[in-house]
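Here's upload_17.pdb, which has PDB, C-alpha atoms:
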MODEL        1
ATOM      1  CA  MET A   1      19.981-130.591 -98.138
ATOM      2  CA  LEU A   2      23.695-131.303 -97.866
ATOM      3  CA  SER A   3      24.810-134.323 -99.878
ATOM      4  CA  VAL A   4      28.249-135.880-100.082
ATOM      5  CA  ARG A   5      29.374-137.945-103.064
ATOM      6  CA  LEU A   6      31.605-140.790-101.988
ATOM      7  CA  PRO A   7      34.706-141.532-104.100
ATOM      8  CA  GLN A   8      34.466-144.106-106.887
ATOM      9  CA  LEU A   9      36.109-147.495-106.358
ATOM     10  CA  PHE A  10      38.128-149.512-108.853
ATOM     11  CA  ASP A  11      39.162-153.075-109.590
ATOM     12  CA  ILE A  12      42.688-154.445-109.445
ATOM     13  CA  HIS A  13      43.398-154.014-113.176
ATOM     14  CA  GLN A  14      42.513-150.317-112.977
ATOM     15  CA  VAL A  15      45.204-149.286-110.493
ATOM     16  CA  PRO A  16      49.029-149.303-110.720
ATOM     17  CA  LYS A  17      50.884-152.361-109.453
ATOM     18  CA  VAL A  18      52.272-150.532-106.426
ATOM     19  CA  PHE A  19      48.713-150.233-105.063
ATOM     20  CA  ARG A  20      47.699-153.855-105.640
ATOM     21  CA  GLU A  21      47.403-156.447-102.882
ATOM     22  CA  ASP A  22      47.596-160.220-103.327
ATOM     23  CA  GLY A  23      44.179-161.814-103.581
ATOM     24  CA  ILE A  24      42.306-158.489-103.372
ATOM     25  CA  MET A  25      40.463-157.981-106.644
ATOM     26  CA  SER A  26      38.234-154.958-106.022
ATOM     27  CA  GLY A  27      37.470-152.083-103.684
ATOM     28  CA  TYR A  28      40.554-150.017-104.575
ATOM     29  CA  ARG A  29      40.470-146.257-104.154
ATOM     30  CA  HIS A  30      41.703-143.834-106.795
ATOM     31  CA  PRO A  31      45.536-143.861-106.790
ATOM     32  CA  ARG A  32      45.616-140.058-106.893
ATOM     33  CA  SER A  33      42.914-139.274-104.363
ATOM     34  CA  SER A  34      42.658-135.916-102.667
ATOM     35  CA  ALA A  35      42.993-135.703 -98.898
ATOM     36  CA  LEU A  36      39.222-135.139 -98.636
ATOM     37  CA  ASP A  37      38.503-138.207-100.778
ATOM     38  CA  CYS A  38      40.794-140.261 -98.573
ATOM     39  CA  ILE A  39      38.875-139.164 -95.466
ATOM     40  CA  LEU A  40      35.495-139.763 -97.116
ATOM     41  CA  SER A  41      36.579-143.214 -98.285
ATOM     42  CA  SER A  42      37.001-144.283 -94.671
ATOM     43  CA  PHE A  43      33.192-144.044 -94.381
ATOM     44  CA  GLN A  44      32.482-146.291 -97.352
ATOM     45  CA  MET A  45      33.236-149.978 -97.795
ATOM     46  CA  THR A  46      36.632-150.231 -99.499
ATOM     47  CA  ASN A  47      39.301-152.885 -99.125
ATOM     48  CA  GLU A  48      40.965-150.633 -96.517
ATOM     49  CA  THR A  49      37.934-149.720 -94.406
ATOM     50  CA  VAL A  50      38.266-152.571 -91.910
ATOM     51  CA  ASN A  51      42.010-151.895 -91.644
ATOM     52  CA  ILE A  52      41.400-148.220 -90.929
ATOM     53  CA  TRP A  53      38.745-148.661 -88.271
ATOM     54  CA  THR A  54      40.385-151.600 -86.502
ATOM     55  CA  HIS A  55      43.321-149.258 -85.854
ATOM     56  CA  PHE A  56      41.410-146.044 -85.254
ATOM     57  CA  LEU A  57      38.884-147.352 -82.703
ATOM     58  CA  PRO A  58      41.474-149.116 -80.494
ATOM     59  CA  THR A  59      43.338-145.806 -80.269
ATOM     60  CA  TRP A  60      40.426-144.347 -78.294
ATOM     61  CA  TYR A  61      40.150-147.467 -76.173
ATOM     62  CA  PHE A  62      43.822-147.203 -75.214
ATOM     63  CA  LEU A  63      43.426-143.470 -74.522
ATOM     64  CA  TRP A  64      40.507-144.269 -72.224
ATOM     65  CA  ARG A  65      42.566-146.899 -70.385
ATOM     66  CA  PHE A  66      45.434-144.415 -70.149
ATOM     67  CA  SER A  67      43.154-141.795 -68.614
ATOM     68  CA  MET A  68      41.829-144.339 -66.100
ATOM     69  CA  LEU A  69      45.363-145.271 -65.038
ATOM     70  CA  CYS A  70      46.293-141.605 -64.712
ATOM     71  CA  SER A  71      43.681-141.297 -62.010
ATOM     72  CA  THR A  72      45.120-144.186 -59.996
ATOM     73  CA  LEU A  73      48.874-143.991 -60.652
ATOM     74  CA  ASP A  74      51.301-141.122 -60.093
ATOM     75  CA  PHE A  75      53.159-140.977 -63.401
ATOM     76  CA  LEU A  76      54.859-137.673 -62.571
ATOM     77  CA  THR A  77      56.724-138.532 -59.382
ATOM     78  CA  GLU A  78      56.750-142.339 -59.140
ATOM     79  CA  SER A  79      59.699-143.490 -61.270
ATOM     80  CA  TYR A  80      58.581-147.122 -61.117
ATOM     81  CA  THR A  81      55.623-146.222 -63.375
ATOM     82  CA  TRP A  82      57.666-144.438 -66.050
ATOM     83  CA  PRO A  83      58.258-147.520 -68.232
ATOM     84  CA  LEU A  84      54.500-148.113 -68.163
ATOM     85  CA  LEU A  85      53.938-144.464 -69.105
ATOM     86  CA  VAL A  86      56.210-144.845 -72.156
ATOM     87  CA  TYR A  87      54.395-147.997 -73.178
ATOM     88  CA  LEU A  88      50.958-146.396 -72.836
ATOM     89  CA  LEU A  89      51.967-143.386 -74.912
ATOM     90  CA  LEU A  90      53.367-145.585 -77.685
ATOM     91  CA  ILE A  91      50.440-147.986 -77.687
ATOM     92  CA  CYS A  92      48.187-144.973 -78.323
ATOM     93  CA  LEU A  93      50.504-143.554 -80.988
ATOM     94  CA  TYR A  94      50.955-146.723 -83.040
ATOM     95  CA  PRO A  95      47.336-147.551 -84.025
ATOM     96  CA  PHE A  96      46.537-143.884 -84.685
ATOM     97  CA  THR A  97      49.565-143.530 -86.972
ATOM     98  CA  SER A  98      48.720-146.763 -88.743
ATOM     99  CA  SER A  99      45.125-145.649 -89.241
ATOM    100  CA  CYS A 100      46.280-142.361 -90.796
ATOM    101  CA  ALA A 101      48.737-144.247 -93.009
ATOM    102  CA  HIS A 102      45.975-146.438 -94.403
ATOM    103  CA  ILE A 103      43.639-143.468 -94.888
ATOM    104  CA  PHE A 104      46.039-141.269 -96.876
ATOM    105  CA  SER A 105      48.068-143.969 -98.666
ATOM    106  CA  THR A 106      46.251-143.476-101.990
ATOM    107  CA  MET A 107      47.110-139.817-102.598
ATOM    108  CA  SER A 108      50.053-140.774-104.858
ATOM    109  CA  ASP A 109      52.829-143.334-105.262
ATOM    110  CA  GLU A 110      55.164-141.213-103.136
ATOM    111  CA  ALA A 111      52.509-140.569-100.509
ATOM    112  CA  ARG A 112      51.872-144.319-100.235
ATOM    113  CA  HIS A 113      55.535-144.986 -99.477
ATOM    114  CA  ILE A 114      55.771-142.107 -96.999
ATOM    115  CA  CYS A 115      52.593-143.178 -95.189
ATOM    116  CA  TYR A 116      53.890-146.700 -94.742
ATOM    117  CA  PHE A 117      57.302-145.421 -93.647
ATOM    118  CA  PHE A 118      55.482-143.718 -90.772
ATOM    119  CA  ASP A 119      53.512-146.904 -90.180
ATOM    120  CA  TYR A 120      56.688-148.987 -89.916
ATOM    121  CA  GLY A 121      58.307-146.399 -87.674
ATOM    122  CA  ALA A 122      55.317-146.353 -85.329
ATOM    123  CA  LEU A 123      55.307-150.148 -85.176
ATOM    124  CA  SER A 124      59.012-150.121 -84.280
ATOM    125  CA  LEU A 125      58.356-147.562 -81.558
ATOM    126  CA  TYR A 126      55.625-149.788 -80.157
ATOM    127  CA  SER A 127      58.090-152.687 -80.195
ATOM    128  CA  LEU A 128      60.587-150.512 -78.341
ATOM    129  CA  GLY A 129      57.893-149.672 -75.788
ATOM    130  CA  CYS A 130      57.376-153.388 -75.225
ATOM    131  CA  ALA A 131      61.116-153.839 -74.685
ATOM    132  CA  ILE A 132      61.221-151.003 -72.132
ATOM    133  CA  THR A 133      58.246-152.458 -70.267
ATOM    134  CA  TYR A 134      59.455-156.058 -70.342
ATOM    135  CA  GLY A 135      62.948-155.011 -69.336
ATOM    136  CA  SER A 136      61.537-153.219 -66.303
ATOM    137  CA  TYR A 137      58.728-155.504 -65.158
ATOM    138  CA  VAL A 138      59.135-158.948 -66.769
ATOM    139  CA  MET A 139      62.877-159.620 -66.551
ATOM    140  CA  PRO A 140      63.427-162.898 -64.643
ATOM    141  CA  ASP A 141      65.004-162.515 -61.203
ATOM    142  CA  CYS A 142      68.065-164.529 -62.229
ATOM    143  CA  TRP A 143      68.715-162.087 -65.113
ATOM    144  CA  VAL A 144      68.448-158.857 -63.105
ATOM    145  CA  ASN A 145      71.661-156.764 -63.326
ATOM    146  CA  SER A 146      73.110-159.201 -65.885
ATOM    147  CA  TRP A 147      74.772-157.992 -69.096
ATOM    148  CA  LEU A 148      71.562-158.646 -71.038
ATOM    149  CA  HIS A 149      69.484-156.695 -68.518
ATOM    150  CA  GLN A 150      71.834-153.720 -68.560
ATOM    151  CA  HIS A 151      71.934-153.532 -72.371
ATOM    152  CA  PHE A 152      68.426-154.794 -73.141
ATOM    153  CA  VAL A 153      66.907-151.423 -74.058
ATOM    154  CA  THR A 154      70.033-150.325 -75.968
ATOM    155  CA  ILE A 155      69.884-153.436 -78.133
ATOM    156  CA  ALA A 156      66.136-152.909 -78.615
ATOM    157  CA  ILE A 157      66.784-149.361 -79.868
ATOM    158  CA  GLY A 158      69.317-150.714 -82.373
ATOM    159  CA  ASN A 159      66.816-153.364 -83.462
ATOM    160  CA  SER A 160      64.122-150.745 -83.988
ATOM    161  CA  LEU A 161      66.352-148.509 -86.101
ATOM    162  CA  PHE A 162      67.717-151.359 -88.207
ATOM    163  CA  CYS A 163      64.376-153.087 -88.739
ATOM    164  CA  THR A 164      62.588-149.839 -89.597
ATOM    165  CA  SER A 165      65.248-149.152 -92.240
ATOM    166  CA  MET A 166      64.917-152.702 -93.573
ATOM    167  CA  SER A 167      61.129-152.553 -93.823
ATOM    168  CA  CYS A 168      61.290-149.162 -95.567
ATOM    169  CA  TYR A 169      63.913-150.478 -97.999
ATOM    170  CA  SER A 170      61.663-153.453 -98.803
ATOM    171  CA  ARG A 171      59.194-151.093-100.481
ATOM    172  CA  PHE A 172      61.771-150.004-103.053
ATOM    173  CA  VAL A 173      62.317-153.594-104.275
ATOM    174  CA  GLU A 174      58.693-154.700-103.939
ATOM    175  CA  LEU A 175      57.825-154.588-107.644
ATOM    176  CA  GLN A 176      61.054-156.152-108.925
ATOM    177  CA  PHE A 177      61.500-158.740-106.157
ATOM    178  CA  PRO A 178      58.151-159.251-104.381
ATOM    179  CA  HIS A 179      59.239-162.382-102.492
ATOM    180  CA  LYS A 180      62.460-160.747-101.282
ATOM    181  CA  SER A 181      60.463-157.705-100.206
ATOM    182  CA  LYS A 182      58.009-159.851 -98.258
ATOM    183  CA  ILE A 183      60.825-161.734 -96.500
ATOM    184  CA  LEU A 184      62.608-158.509 -95.539
ATOM    185  CA  ARG A 185      59.440-156.885 -94.235
ATOM    186  CA  THR A 186      58.332-159.942 -92.290
ATOM    187  CA  ALA A 187      61.794-160.317 -90.752
ATOM    188  CA  ALA A 188      61.753-156.632 -89.813
ATOM    189  CA  PHE A 189      58.630-157.285 -87.736
ATOM    190  CA  VAL A 190      59.581-160.690 -86.332
ATOM    191  CA  VAL A 191      63.147-159.977 -85.133
ATOM    192  CA  PRO A 192      62.265-157.133 -82.695
ATOM    193  CA  PHE A 193      59.254-159.064 -81.452
ATOM    194  CA  LEU A 194      61.298-162.177 -80.663
ATOM    195  CA  PHE A 195      64.055-160.202 -78.927
ATOM    196  CA  ASP A 196      61.720-157.967 -76.938
ATOM    197  CA  SER A 197      59.635-160.954 -75.826
ATOM    198  CA  PHE A 198      62.619-163.112 -74.836
ATOM    199  CA  PRO A 199      62.217-162.438 -71.074
ATOM    200  CA  LEU A 200      58.517-163.177 -71.393
ATOM    201  CA  PHE A 201      59.196-166.455 -73.221
ATOM    202  CA  TYR A 202      61.533-167.494 -70.431
ATOM    203  CA  ARG A 203      59.020-166.750 -67.703
ATOM    204  CA  LEU A 204      56.185-168.505 -69.556
ATOM    205  CA  LEU A 205      58.299-171.608 -70.088
ATOM    206  CA  SER A 206      59.356-171.529 -66.444
ATOM    207  CA  CYS A 207      55.715-171.487 -65.406
ATOM    208  CA  CYS A 208      54.943-174.350 -67.777
ATOM    209  CA  TRP A 209      57.737-176.350 -66.130
ATOM    210  CA  GLY A 210      56.214-175.710 -62.704
ATOM    211  CA  SER A 211      58.666-173.068 -61.483
ATOM    212  CA  CYS A 212      55.879-170.566 -60.805
ATOM    213  CA  SER A 213      52.208-170.616 -59.950
ATOM    214  CA  PRO A 214      49.563-169.849 -62.622
ATOM    215  CA  SER A 215      48.179-166.311 -62.613
ATOM    216  CA  GLU A 216      45.831-164.055 -64.561
ATOM    217  CA  ALA A 217      48.842-162.258 -66.065
ATOM    218  CA  LEU A 218      50.146-165.570 -67.414
ATOM    219  CA  ALA A 219      46.914-166.190 -69.303
ATOM    220  CA  SER A 220      46.920-162.633 -70.710
ATOM    221  CA  HIS A 221      50.497-162.944 -71.935
ATOM    222  CA  SER A 222      49.713-166.324 -73.494
ATOM    223  CA  TYR A 223      46.790-164.868 -75.458
ATOM    224  CA  HIS A 224      48.976-161.933 -76.487
ATOM    225  CA  LEU A 225      51.652-164.238 -77.906
ATOM    226  CA  LEU A 226      49.074-166.454 -79.601
ATOM    227  CA  PHE A 227      47.483-163.570 -81.474
ATOM    228  CA  ALA A 228      50.895-162.101 -82.293
ATOM    229  CA  PHE A 229      51.946-165.337 -83.984
ATOM    230  CA  LEU A 230      48.577-165.564 -85.742
ATOM    231  CA  THR A 231      48.963-162.003 -87.034
ATOM    232  CA  CYS A 232      52.445-162.769 -88.359
ATOM    233  CA  PHE A 233      51.192-165.927 -90.082
ATOM    234  CA  LEU A 234      48.284-164.161 -91.784
ATOM    235  CA  PHE A 235      50.505-161.260 -92.868
ATOM    236  CA  ALA A 236      53.146-163.536 -94.383
ATOM    237  CA  SER A 237      50.801-166.071 -95.975
ATOM    238  CA  HIS A 238      48.057-163.722 -97.282
ATOM    239  CA  LEU A 239      45.471-166.243 -96.149
ATOM    240  CA  PRO A 240      42.588-166.647 -96.694
ATOM    241  CA  GLU A 241      42.397-164.150 -99.594
ATOM    242  CA  ARG A 242      45.128-165.957-101.546
ATOM    243  CA  LEU A 243      43.052-169.168-101.628
ATOM    244  CA  ALA A 244      39.900-167.398-102.840
ATOM    245  CA  PRO A 245      40.857-164.187-104.684
ATOM    246  CA  GLY A 246      38.057-161.642-104.646
ATOM    247  CA  ARG A 247      36.010-163.248-101.886
ATOM    248  CA  PHE A 248      37.714-161.424 -99.044
ATOM    249  CA  ASP A 249      38.113-157.987-100.630
ATOM    250  CA  TYR A 250      36.076-156.494 -97.809
ATOM    251  CA  ILE A 251      35.004-159.041 -95.250
ATOM    252  CA  GLY A 252      32.587-161.374 -97.054
ATOM    253  CA  PRO A 253      31.157-162.570-100.424
ATOM    254  CA  ILE A 254      28.448-159.923-100.923
ATOM    255  CA  ARG A 255      30.592-157.750-103.167
ATOM    256  CA  VAL A 256      31.677-160.739-105.244
ATOM    257  CA  LEU A 257      28.103-161.747-106.006
ATOM    258  CA  LEU A 258      27.365-158.288-107.354
ATOM    259  CA  LEU A 259      30.397-158.371-109.625
ATOM    260  CA  GLN A 260      29.487-161.832-110.852
ATOM    261  CA  ASP A 261      26.062-160.549-111.878
ATOM    262  CA  VAL A 262      27.719-157.765-113.883
ATOM    263  CA  GLN A 263      30.062-160.219-115.587
ATOM    264  CA  ILE A 264      27.111-162.399-116.632
ATOM    265  CA  ASP A 265      25.530-159.388-118.326
ATOM    266  CA  GLY A 266      28.872-158.647-119.939
ATOM    267  CA  ARG A 267      28.852-161.879-121.895
ATOM    268  CA  VAL A 268      26.197-160.594-124.315
ATOM    269  CA  LEU A 269      28.175-157.467-125.188
ATOM    270  CA  ASP A 270      29.258-156.843-128.739
ATOM    271  CA  GLU A 271      31.576-154.504-130.601
ATOM    272  CA  GLY A 272      30.800-150.871-131.286
ATOM    273  CA  TYR A 273      30.036-149.838-127.714
ATOM    274  CA  GLU A 274      31.709-147.573-125.230
ATOM    275  CA  PRO A 275      34.817-149.337-123.877
ATOM    276  CA  ALA A 276      35.514-149.778-120.186
ATOM    277  CA  VAL A 277      38.785-147.909-119.809
ATOM    278  CA  ASP A 278      41.524-147.784-117.206
ATOM    279  CA  VAL A 279      41.319-144.639-115.093
ATOM    280  CA  LEU A 280      45.041-144.013-115.584
ATOM    281  CA  ASP A 281      45.980-145.178-119.081
ATOM    282  CA  ASP A 282      42.642-144.864-120.932
ATOM    283  CA  GLU A 283      43.104-148.358-122.352
ATOM    284  CA  PRO A 284      40.338-150.987-122.718
ATOM    285  CA  LEU A 285      40.182-153.455-119.853
ATOM    286  CA  LEU A 286      39.797-157.219-120.206
ATOM    287  CA  ARG A 287      39.276-156.786-123.967
ATOM    288  CA  PHE A 288      35.504-156.323-123.894
ATOM    289  CA  SER A 289      33.277-153.312-124.463
ATOM    290  CA  LEU A 290      30.258-152.027-122.637
ATOM    291  CA  PRO A 291      27.178-150.213-123.871
ATOM    292  CA  ALA A 292      27.057-146.715-122.456
ATOM    293  CA  ALA A 293      23.918-147.460-120.389
ATOM    294  CA  LEU A 294      25.438-150.613-118.878
ATOM    295  CA  HIS A 295      28.704-148.764-118.299
ATOM    296  CA  GLU A 296      26.831-146.263-116.125
ATOM    297  CA  GLU A 297      24.905-149.080-114.466
ATOM    298  CA  MET A 298      28.133-150.782-113.448
ATOM    299  CA  HIS A 299      29.403-147.607-111.806
ATOM    300  CA  PHE A 300      26.050-147.289-110.035
ATOM    301  CA  LEU A 301      26.261-150.889-108.793
ATOM    302  CA  ARG A 302      29.810-150.355-107.559
ATOM    303  CA  ALA A 303      28.837-147.192-105.722
ATOM    304  CA  GLY A 304      25.742-148.816-104.253
ATOM    305  CA  SER A 305      27.518-151.999-103.189
ATOM    306  CA  SER A 306      30.028-149.962-101.218
ATOM    307  CA  TRP A 307      27.302-149.369 -98.646
ATOM    308  CA  LEU A 308      26.692-153.075 -98.085
TER
ENDMDL
END
Is it possible to give me this structure as structure tokens?
Amino acid sequence: MLSVRLPQLFDIHQVPKVFREDGIMSGYRHPRSSALDCILSSFQMTNETVNIWTHFLPTWYFLWRFSMLCSTLDFLTESYTWPLLVYLLLICLYPFTSSCAHIFSTMSDEARHICYFFDYGALSLYSLGCAITYGSYVMPDCWVNSWLHQHFVTIAIGNSLFCTSMSCYSRFVELQFPHKSKILRTAAFVVPFLFDSFPLFYRLLSCCWGSCSPSEALASHSYHLLFAFLTCFLFASHLPERLAPGRFDYIGPIRVLLLQDVQIDGRVLDEGYEPAVDVLDDEPLLRFSLPAALHEEMHFLRAGSSWL
């Protein structure tokens, strides 16, 4: 019978700082995982599993929508649909690239940076796709053929290149200046979004002032902007995990209860037992020792809890 052993998971003090996330205390994968381990880890409950699948599954949804539109629209000969074609291609590319980045980001320090460089680049391409689409279909009538309309996509390309470079640079100063890195990276996401959505903001405000009649598209755009702002807020604030470290490592408190049980057992430990060591530096962790049997039990609990 074929059996597959899932990779072991580690706590925050067992991995290098470059792999640590604010408020996430457990569920880390090995910082030098093989490509196979990275793929297998996407099928166990780690602190990246939800991130991986919430990008991977939408990719197939967007591909399905793309295929449905291909049967009703003539993308090859009808030039009016070309901006939509670009947008559909990029909206399929971005979540797939991001999913791959999160899967393979624990192969090494360098691989982590490279994976997220691709992630930032794909996000910038998606932003550019939004600019192309908005510039073609959402531009207000009074702005058509204006200087902004004629140079809208060119400016968006410059924004994408500059902001991708800025977000990539933020990774090199992340350990020394974490707050500066966070500001740079957040700005790199916010600036293109605000510029690309400027025509949409204008049209939404015009409708709010009574200059246009409500429509289904208006409601869809409003929800889109609402969730975009919510995403930016959660990314910048690290809420709610920052308020309750360890309780949102996956998506609920089940894992935390298991670790608390282990810590209670750890209080009765004494000297002369096998130490719990860091997987990288072979140094004792948290200055307590574990009996060999309990040490194995903890690894068993961690492996078992990953299926919850």
So that all listed atoms of stretch 18-21 of chain A fit with 3 Å spare on each side, what axis-aligned box centre and edge lengths in Å, to one decimal, would you give as AutoDock Vina command-line options?
--center_x 49.8 --center_y -153.3 --center_z -104.7 --size_x 10.9 --size_y 12.2 --size_z 9.5
To test your reading of the syntax: which residues would the PyMOL selection byres ((chain A and resi 51) around 12) return for the file shown? Reply as a list of chain:residue names.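 Output from the PyMOL selection byres ((chain A and resi 51) around 12), applied to this file: A:Ser42, A:Met45, A:Thr46, A:Asn47, A:Glu48, A:Thr49, A:Val50, A:Ile52, A:Trp53, A:Thr54, A:His55, A:Phe56, A:Leu57, A:Pro58, A:Pro95, A:Phe96, A:Ser98, A:Ser99, A:Cys100, A:Ala101, A:His102, A:Ile103, A:Asp249, A:Tyr250, A:Ile251.
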What does the distance between atom CA of A:Gly158 and atom CA of A:Val144 come to in Å, to one decimal place? 20.9 Å
Once you count all atoms listed in the file, which residues end up no further than 12 Å from (51.7, -164.8, -70.4) in the file's frame, shown as a PyMOL selection string? chain A and resi 134+138+197-208+212-227
Leaving out A:Ser160 and any residue of its chain fewer than 6 positions from it, which residues lie within 8 Å of it when counting only C-alpha atoms, given as a tab-separated table (two decimals) with C-alpha atoms, in the coordinates of the input?
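Now in selection_13.tsv:
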chain	number	residue	atom	x	y	z
A	124	SER	CA	59.01	-150.12	-84.28
A	125	LEU	CA	58.36	-147.56	-81.56
A	127	SER	CA	58.09	-152.69	-80.19
A	128	LEU	CA	60.59	-150.51	-78.34
A	192	PRO	CA	62.26	-157.13	-82.70
Explicit residues for the PyMOL selection byres ((chain A and resi 12) around 12) (as a ChimeraX atom specification): /A:9-11,13-31,47,245-246,249,278-279,285-286
Selection export as an mmCIF file, keeping the file's coordinate frame, atoms kept: C-alpha atoms:
data_model
loop_
_atom_site.group_PDB
_atom_site.id
_atom_site.type_symbol
_atom_site.label_atom_id
_atom_site.label_comp_id
_atom_site.auth_asym_id
_atom_site.auth_seq_id
_atom_site.Cartn_x
_atom_site.Cartn_y
_atom_site.Cartn_z
ATOM 1 C CA LEU A 9 36.109 -147.495 -106.358
ATOM 2 C CA PHE A 10 38.128 -149.512 -108.853
ATOM 3 C CA ASP A 11 39.162 -153.075 -109.590
ATOM 4 C CA HIS A 13 43.398 -154.014 -113.176
ATOM 5 C CA GLN A 14 42.513 -150.317 -112.977
ATOM 6 C CA VAL A 15 45.204 -149.286 -110.493
ATOM 7 C CA PRO A 16 49.029 -149.303 -110.720
ATOM 8 C CA LYS A 17 50.884 -152.361 -109.453
ATOM 9 C CA VAL A 18 52.272 -150.532 -106.426
ATOM 10 C CA PHE A 19 48.713 -150.233 -105.063
ATOM 11 C CA ARG A 20 47.699 -153.855 -105.640
ATOM 12 C CA GLU A 21 47.403 -156.447 -102.882
ATOM 13 C CA ASP A 22 47.596 -160.220 -103.327
ATOM 14 C CA GLY A 23 44.179 -161.814 -103.581
ATOM 15 C CA ILE A 24 42.306 -158.489 -103.372
ATOM 16 C CA MET A 25 40.463 -157.981 -106.644
ATOM 17 C CA SER A 26 38.234 -154.958 -106.022
ATOM 18 C CA GLY A 27 37.470 -152.083 -103.684
ATOM 19 C CA TYR A 28 40.554 -150.017 -104.575
ATOM 20 C CA ARG A 29 40.470 -146.257 -104.154
ATOM 21 C CA HIS A 30 41.703 -143.834 -106.795
ATOM 22 C CA PRO A 31 45.536 -143.861 -106.790
ATOM 23 C CA ASN A 47 39.301 -152.885 -99.125
ATOM 24 C CA PRO A 245 40.857 -164.187 -104.684
ATOM 25 C CA GLY A 246 38.057 -161.642 -104.646
ATOM 26 C CA ASP A 249 38.113 -157.987 -100.630
ATOM 27 C CA ASP A 278 41.524 -147.784 -117.206
ATOM 28 C CA VAL A 279 41.319 -144.639 -115.093
ATOM 29 C CA LEU A 285 40.182 -153.455 -119.853
ATOM 30 C CA LEU A 286 39.797 -157.219 -120.206
#
